[in-house]
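Structure data (mmCIF, C-alpha atoms) from coords_23.cif:
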```
data_final
#
loop_
_atom_site.label_atom_id
_atom_site.label_comp_id
_atom_site.auth_asym_id
_atom_site.auth_seq_id
_atom_site.Cartn_x
_atom_site.Cartn_y
_atom_site.Cartn_z
CA GLU A 384 13.64 19.57 -13.03
CA LYS A 385 16.70 17.42 -13.70
CA GLU A 386 16.59 16.01 -10.14
CA LEU A 387 12.90 15.24 -10.56
CA ARG A 388 13.58 13.33 -13.81
CA GLU A 389 16.42 11.38 -12.18
CA SER A 390 14.24 10.54 -9.21
CA GLU A 391 11.43 9.40 -11.49
CA GLU A 392 13.85 7.29 -13.53
CA LYS A 393 15.17 5.58 -10.37
CA TYR A 394 11.63 4.91 -9.21
CA ARG A 395 10.58 3.46 -12.58
CA MET A 396 13.68 1.27 -12.76
CA LEU A 397 13.14 -0.08 -9.23
CA THR A 398 9.43 -0.80 -9.63
CA GLU A 399 9.38 -2.03 -13.22
CA GLN A 400 12.42 -4.32 -12.96
CA SER A 401 11.71 -5.68 -9.50
CA LEU A 402 11.00 -9.38 -9.04
CA LEU A 403 8.78 -8.29 -6.17
CA GLY A 404 5.18 -7.87 -7.28
CA THR A 405 3.78 -4.45 -6.43
CA ILE A 406 0.21 -3.24 -6.69
CA ILE A 407 -1.59 -0.17 -5.41
CA ILE A 408 -5.31 -0.30 -4.74
CA ALA A 409 -7.32 2.91 -4.35
CA ASP A 410 -11.10 3.22 -4.29
CA GLU A 411 -11.31 -0.60 -4.46
CA GLN A 412 -9.56 -0.61 -7.87
CA ILE A 413 -6.02 -1.64 -8.83
CA ILE A 414 -4.45 1.58 -10.04
CA PHE A 415 -0.86 0.34 -10.36
CA ALA A 416 0.70 -3.04 -11.07
CA ASN A 417 4.28 -3.79 -12.01
CA LYS A 418 5.84 -6.52 -14.13
CA GLY A 419 6.75 -8.49 -11.00
CA VAL A 420 3.10 -9.13 -10.08
CA SER A 421 2.34 -9.82 -13.73
CA ASP A 422 5.07 -12.49 -13.80
CA ILE A 423 3.91 -14.02 -10.51
CA LEU A 424 0.22 -14.32 -11.42
CA GLY A 425 0.54 -14.72 -15.19
CA PHE A 426 -1.81 -11.85 -16.07
CA SER A 427 -0.74 -8.89 -18.15
CA ILE A 428 -0.44 -5.51 -16.44
CA LYS A 429 -3.32 -4.33 -18.65
CA GLU A 430 -5.54 -7.16 -17.34
CA LEU A 431 -4.56 -6.47 -13.73
CA MET A 432 -5.41 -2.78 -14.10
CA THR A 433 -9.04 -3.72 -14.83
CA TRP A 434 -9.39 -5.56 -11.50
CA ASN A 435 -11.34 -4.25 -8.56
CA LEU A 436 -11.39 -5.86 -5.10
CA ASP A 437 -14.29 -8.14 -6.07
CA LYS A 438 -12.40 -9.45 -9.11
CA MET A 439 -9.21 -9.82 -7.05
CA SER A 440 -11.08 -11.84 -4.41
CA THR A 441 -12.05 -14.42 -7.04
CA TYR A 442 -8.34 -15.24 -7.42
CA ILE A 443 -7.78 -15.83 -3.69
CA HIS A 444 -8.14 -19.43 -2.50
CA PRO A 445 -11.62 -19.87 -0.93
CA GLU A 446 -10.11 -21.10 2.36
CA ASP A 447 -7.96 -17.94 2.62
CA LEU A 448 -10.57 -15.42 1.46
CA ASP A 449 -12.29 -14.54 4.76
CA MET A 450 -9.00 -14.13 6.61
CA THR A 451 -7.58 -12.00 3.80
CA ILE A 452 -10.63 -9.71 3.69
CA GLU A 453 -10.51 -9.35 7.48
CA ASP A 454 -6.81 -8.42 7.35
CA TYR A 455 -7.36 -5.87 4.55
CA ASN A 456 -10.24 -4.32 6.50
CA GLN A 457 -8.07 -3.98 9.61
CA ILE A 458 -5.63 -1.89 7.62
CA LEU A 459 -8.34 0.15 5.88
CA ASN A 460 -10.00 0.88 9.25
CA ASP A 461 -6.66 2.03 10.73
CA GLU A 462 -6.65 -0.79 13.31
CA ILE A 463 -3.10 -1.65 12.21
CA SER A 464 -0.66 0.22 9.98
CA SER A 465 0.91 -2.66 8.07
CA LEU A 466 0.60 -6.40 7.81
CA GLU A 467 2.31 -9.49 6.43
CA ILE A 468 0.08 -12.42 5.43
CA GLU A 469 0.35 -15.64 3.46
CA VAL A 470 -2.31 -16.16 0.81
CA ARG A 471 -2.87 -18.86 -1.78
CA MET A 472 -3.71 -17.23 -5.09
CA ARG A 473 -4.96 -18.63 -8.38
CA LYS A 474 -2.81 -17.87 -11.38
CA LYS A 475 -4.06 -17.26 -14.90
CA ASN A 476 -3.45 -20.95 -15.74
CA ASP A 477 -5.79 -21.93 -12.83
CA THR A 478 -3.01 -23.35 -10.64
CA TYR A 479 -2.53 -22.06 -7.12
CA LEU A 480 0.59 -20.55 -5.69
CA TYR A 481 1.56 -19.61 -2.17
CA SER A 482 2.28 -15.92 -1.82
CA ARG A 483 3.36 -13.60 0.95
CA HIS A 484 1.74 -10.17 0.94
CA PHE A 485 3.23 -7.13 2.65
CA ILE A 486 0.38 -4.64 2.95
CA LYS A 487 0.57 -1.02 4.04
CA LYS A 488 -1.95 1.80 3.96
CA ILE A 489 -0.55 4.83 2.17
CA HIS A 490 -1.73 8.31 1.25
CA PHE A 491 -2.18 8.56 -2.49
CA ARG A 492 -3.61 11.43 -4.53
CA GLY A 493 -5.28 12.97 -1.52
CA GLY A 494 -6.85 9.73 -0.30
CA SER A 495 -6.01 6.37 1.19
CA ALA A 496 -4.71 3.44 -0.77
CA LEU A 497 -3.24 0.01 -0.14
CA HIS A 498 0.33 -0.63 -1.20
CA ILE A 499 0.84 -4.40 -1.54
CA ASN A 500 4.09 -6.20 -2.27
CA ILE A 501 3.70 -9.84 -3.31
CA ILE A 502 6.32 -12.60 -3.26
CA ASP A 503 5.82 -16.10 -4.66
CA ILE A 504 6.75 -18.51 -1.83
CA THR A 505 5.47 -21.72 -3.48
CA GLU A 506 8.93 -23.28 -3.70
CA GLN A 507 9.62 -22.43 -0.06
CA LYS A 508 6.31 -24.04 1.01
CA GLU A 509 7.06 -27.17 -1.04
CA ASN A 510 10.51 -27.41 0.57
CA GLU A 511 8.97 -26.99 4.03
CA SER A 512 6.54 -29.80 3.23
CA LEU A 513 9.41 -32.06 2.12
CA LEU A 514 11.34 -31.28 5.30
CA GLU A 515 8.29 -32.03 7.46
CA SER A 516 7.69 -35.37 5.76
CA SER A 517 11.38 -36.24 6.08
CA LEU A 518 11.28 -35.35 9.76
CA GLU A 519 8.19 -37.52 10.29
CA GLU A 520 9.93 -40.42 8.52
CA LYS A 521 13.00 -40.02 10.74
CA GLU A 522 10.81 -39.95 13.86
CA VAL A 523 9.16 -43.21 12.80
CA LEU A 524 12.57 -44.81 12.17
CA LEU A 525 13.83 -43.62 15.56
CA LYS A 526 10.79 -45.15 17.28
CA GLU A 527 11.45 -48.40 15.45
CA ILE A 528 15.11 -48.40 16.61
CA HIS A 529 14.01 -47.74 20.21
CA HIS A 530 11.53 -50.60 19.98
CA ARG A 531 14.19 -53.01 18.64
CA VAL A 532 16.70 -52.02 21.33
CA LYS A 533 14.03 -52.56 23.98
CA ASN A 534 13.27 -56.02 22.53
CA ASN A 535 16.96 -56.95 22.45
CA LEU A 536 17.41 -55.86 26.07
CA GLN A 537 14.37 -57.93 27.03
CA ILE A 538 15.86 -60.99 25.32
CA MET A 539 19.15 -60.47 27.16
CA SER A 540 17.30 -60.13 30.44
CA SER A 541 15.37 -63.35 29.76
CA LEU A 542 18.61 -65.22 28.93
CA ILE A 543 20.16 -64.05 32.20
CA VAL A 544 17.10 -65.25 34.11
CA LEU A 545 17.38 -68.66 32.39
CA GLN A 546 21.06 -68.90 33.25
CA GLU A 547 20.36 -67.84 36.79
CA ARG A 548 18.29 -71.01 37.39
CA HIS A 549 21.35 -73.20 36.78
CA ILE A 550 23.70 -71.30 39.06
CA GLU A 551 23.70 -72.21 42.76
CA ASP A 552 25.87 -69.34 44.00
#
```
Encoded form using structure tokens:
Amino acid sequence: EKELRESEEKYRMLTEQSLLGTIIIADEQIIFANKGVSDILGFSIKELMTWNLDKMSTYIHPEDLDMTIEDYNQILNDEISSLEIEVRMRKKNDTYLYSRHFIKKIHFRGGSALHINIIDITEQKENESLLESSLEEKEVLLKEIHHRVKNNLQIMSSLIVLQERHIED
């Protein structure tokens, strides 16, 4: 009994204090949500526990919804055992965030359930976007430098041709 209590305490500490959002969905209903997912999405755990898959789908970006449903169905239909996807989700304050979902089908209370870990990757996506724009800017500058060097070489070539006309030997 003591070992069971210690094990339960470790589990509670890990799941409740984790920055990683964790939810479990069984029978198309969220049956577990930790503080991490509450912090990420801005909803209370109590609010999240009232969500079913239909409600959850209203908080997925419309452009990502079909792909997300298809991926979830692949796991539910045992086509794949686990999956990692990126999904834009709407927070309680109606702003969108980029999230990475790690989804795995698990056995829970005699049935199947989805265990989903969620990480907010908005900052990472913004940094990637900044890097891409910086890279594009550097490519444009490099093309401009190549163009100027080419022009300068053409001018030098033209000057040599002009000088060549005055030289007999």
Where is the centre and how long are the edges: axis-aligned box on segment 385-393 of chain A, 5 Å on each side, Å to one decimal, as lines of an AutoDock Vina configuration file:
```
center_x = 14.1
center_y = 11.5
center_z = -11.5
size_x = 15.3
size_y = 21.8
size_z = 14.6
```
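Counting all atoms listed in the file, Ile463 of chain A has the following residues at most 12 Å away, ignoring those fewer than 6 positions along the same chain: Glu453, Asp454, Tyr455, Asn456, Gln457, Ile486, Lys487 and Lys488 of chain A.
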Mind running segment 478-547 of chain A against segment 399-410 of chain A at 6 Å and telling me each contacting residue's nearest atom pair with the distance in Å (one decimal), counting only C-alpha atoms, chain and number ascending, as a Markdown table?
```
| residue | atom | partner | partner_atom | distance |
| --- | --- | --- | --- | --- |
| A:Ala496 | CA | A:Ala409 | CA | 4.5 |
| A:Leu497 | CA | A:Ile408 | CA | 5.1 |
| A:His498 | CA | A:Ile407 | CA | 4.6 |
| A:Ile499 | CA | A:Ile406 | CA | 5.3 |
| A:Asn500 | CA | A:Thr405 | CA | 4.5 |
| A:Ile501 | CA | A:Gly404 | CA | 4.7 |
| A:Ile502 | CA | A:Leu403 | CA | 5.8 |
```
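The list of residues with at least one atom within 9 Å of Trp434 of chain A, based on only C-alpha atoms and without residues fewer than 5 positions apart in the same chain, reads A:Glu411, A:Gln412, A:Ile413, A:Ile414, A:Met439.
When atom CA of Glu430 of chain A is paired with atom CA of Ser390 of chain A, their separation reads 27.8 Å.
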Could you spell out the hits of the PyMOL selection byres ((chain A and resi 465-481) around 7) on the shown file, as an MDAnalysis selection string? chainID A and resid 424:426 442:444 447 458 463:464 482:488 503:505
Export of prior selection with C-alpha atoms as a compact mmCIF listing (two decimals), in the frame of the given file:
```
# COMPACT_ATOMS: atom_id res chain seq x y z
CA LEU A 424 0.22 -14.32 -11.42
CA GLY A 425 0.54 -14.72 -15.19
CA PHE A 426 -1.81 -11.85 -16.07
CA TYR A 442 -8.34 -15.24 -7.42
CA ILE A 443 -7.78 -15.83 -3.69
CA HIS A 444 -8.14 -19.43 -2.50
CA ASP A 447 -7.96 -17.94 2.62
CA ILE A 458 -5.63 -1.89 7.62
CA ILE A 463 -3.10 -1.65 12.21
CA SER A 464 -0.66 0.22 9.98
CA SER A 482 2.28 -15.92 -1.82
CA ARG A 483 3.36 -13.60 0.95
CA HIS A 484 1.74 -10.17 0.94
CA PHE A 485 3.23 -7.13 2.65
CA ILE A 486 0.38 -4.64 2.95
CA LYS A 487 0.57 -1.02 4.04
CA LYS A 488 -1.95 1.80 3.96
CA ASP A 503 5.82 -16.10 -4.66
CA ILE A 504 6.75 -18.51 -1.83
CA THR A 505 5.47 -21.72 -3.48
```
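Atom pair atom CA of Phe415 of chain A / atom CA of Thr441 of chain A: separated by 18.8 Å.
Going from atom CA of Ser540 of chain A to atom CA of Glu527 of chain A covers 19.9 Å.
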